[in-house]
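Colleague: I am attaching a structure below and will ask some questions about it afterwards.
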Amino acid sequence: MINRVRSHYRSINAQKRTVAQQESIDCIDGELLTELNSHEAQSQLDDLIEFLLVKLDQEDSSGELRQIALLYLNEHSASEIAKILYKRKTNILHKVQLIRSLWEESLLP
């Protein structure tokens, strides 16, 4: 699940730098989005990311899980995140696992 969100986040950033490309992504609810560059598809995926980040905020009021998730989605490694946040790499890896489980729990019935 986190890989889908990470992939979407990467594609949004790539679209800002290059000409938009057509891609297909299988969404969580089974819908097939054929035009990622369409406003509606991008809006749906942005809403999904915001929904997932709100779930993290509900779990952790300090905002640390949100910060780790955003850094991870921006392709930072656990080591890089640990250096940025002055934490141990193992703590970051545990929090990434927690983020994954929270997101899967909120998306799967």
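In the structure tokens, each chain is lettered A, B, ... as it comes, each chain's residues begin at 1, and ligands are numbered from 1 in order of appearance.
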Determine, counting only C-alpha atoms, which protein, DNA and RNA residues have an atom within 9 Å of an atom of A:Thr90; residues of the same chain fewer than 6 positions away are not included. Present the result as a list of chain:residue names.

Modeller: A:Ala78, A:Ser79, A:Ala82

Colleague: Write the residues of the selection above to a file with N, CA and C atoms, as an mmCIF file, in the first residue's frame.

Modeller:
data_model
loop_
_atom_site.group_PDB
_atom_site.id
_atom_site.type_symbol
_atom_site.label_atom_id
_atom_site.label_comp_id
_atom_site.auth_asym_id
_atom_site.auth_seq_id
_atom_site.Cartn_x
_atom_site.Cartn_y
_atom_site.Cartn_z
ATOM 1 N N ALA A 78 15.624 5.199 5.248
ATOM 2 C CA ALA A 78 15.475 5.212 6.702
ATOM 3 C C ALA A 78 16.690 5.860 7.353
ATOM 4 N N SER A 79 17.855 5.636 6.804
ATOM 5 C CA SER A 79 19.074 6.245 7.349
ATOM 6 C C SER A 79 19.031 7.759 7.223
ATOM 7 N N ALA A 82 16.533 9.163 9.673
ATOM 8 C CA ALA A 82 17.088 9.111 11.024
ATOM 9 C C ALA A 82 18.033 10.290 11.266
#

Colleague: Looking at A:Arg88, A:Ile68, A:Glu75, A:His8, which one is nearest to A:Gln42, with distances taken over only C-alpha atoms?

Modeller: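 Nearest candidate to A:Gln42 out of A:Arg88, A:Ile68, A:Glu75, A:His8: A:His8.
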
Colleague: Atom CA of A:Lys55 to atom CA of A:Glu80: how many Å, to one decimal?

Modeller: 24.0 Å

Colleague: May I ask which of the residues A:His76, A:Arg4, A:Arg66, A:Lys83 is the closest one to A:Leu45, counting only C-alpha atoms?

Modeller: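 Closest to A:Leu45, using only C-alpha atoms: A:Arg4.
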
Colleague: Enter the distance from atom CA of A:Ser101 to atom CA of A:His39, in Å, rounded to one decimal.

Modeller: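 It comes out at 29.4 Å.
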
Colleague: So what do you get for atom CA of A:Asp46 versus atom CA of A:Arg10, distance-wise?

Modeller: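 Distance between the two atoms: 12.3 Å.
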
Colleague: Restricting the calculation to only C-alpha atoms, which member of A:Ala41, A:Val5, A:Leu65, A:Leu52 is positioned closest to A:Ser106?

Modeller: A:Leu52

Colleague: Looking at only C-alpha atoms, which of A:Ser62, A:Asp47, A:Ala69, A:Ser11 is the one that sits closest to A:Arg100?

Modeller: A:Ala69

Colleague: Would you pick out the contacts of A:Leu56 at 10 Å or less, using only C-alpha atoms, so that residues sharing its chain but fewer than 5 positions from it are not included, and give the list as a list in words?

Modeller: Glu50, Phe51, Ser61, Ser62, Gly63, Glu64, Leu65, Arg66, Gln67, Ala69, Leu98, Ile99, Leu102 and Trp103 of chain A

Colleague: Please produce an output containing C-alpha atoms for each residue in the selection, written as a PDB file, in the first residue's frame.

Modeller:
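result13.pdb was written with the following content:
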ATOM      1  CA  GLU A  50      -4.570  13.441   2.731  1.00  0.00           C
ATOM      2  CA  PHE A  51      -6.916  10.823   4.210  1.00  0.00           C
ATOM      3  CA  SER A  61      -0.603  14.141  17.790  1.00  0.00           C
ATOM      4  CA  SER A  62       3.090  15.116  17.725  1.00  0.00           C
ATOM      5  CA  GLY A  63       3.135  14.854  13.910  1.00  0.00           C
ATOM      6  CA  GLU A  64       6.224  12.651  13.860  1.00  0.00           C
ATOM      7  CA  LEU A  65       4.527   9.813  11.955  1.00  0.00           C
ATOM      8  CA  ARG A  66       3.284  12.291   9.340  1.00  0.00           C
ATOM      9  CA  GLN A  67       6.771  13.740   8.966  1.00  0.00           C
ATOM     10  CA  ALA A  69       5.686   9.269   6.053  1.00  0.00           C
ATOM     11  CA  LEU A  98       3.565   1.218  12.138  1.00  0.00           C
ATOM     12  CA  ILE A  99       2.624   3.638   9.355  1.00  0.00           C
ATOM     13  CA  LEU A 102      -2.167   1.896  10.187  1.00  0.00           C
ATOM     14  CA  TRP A 103      -2.698   2.650   6.514  1.00  0.00           C
TER      15      TRP A 103
END
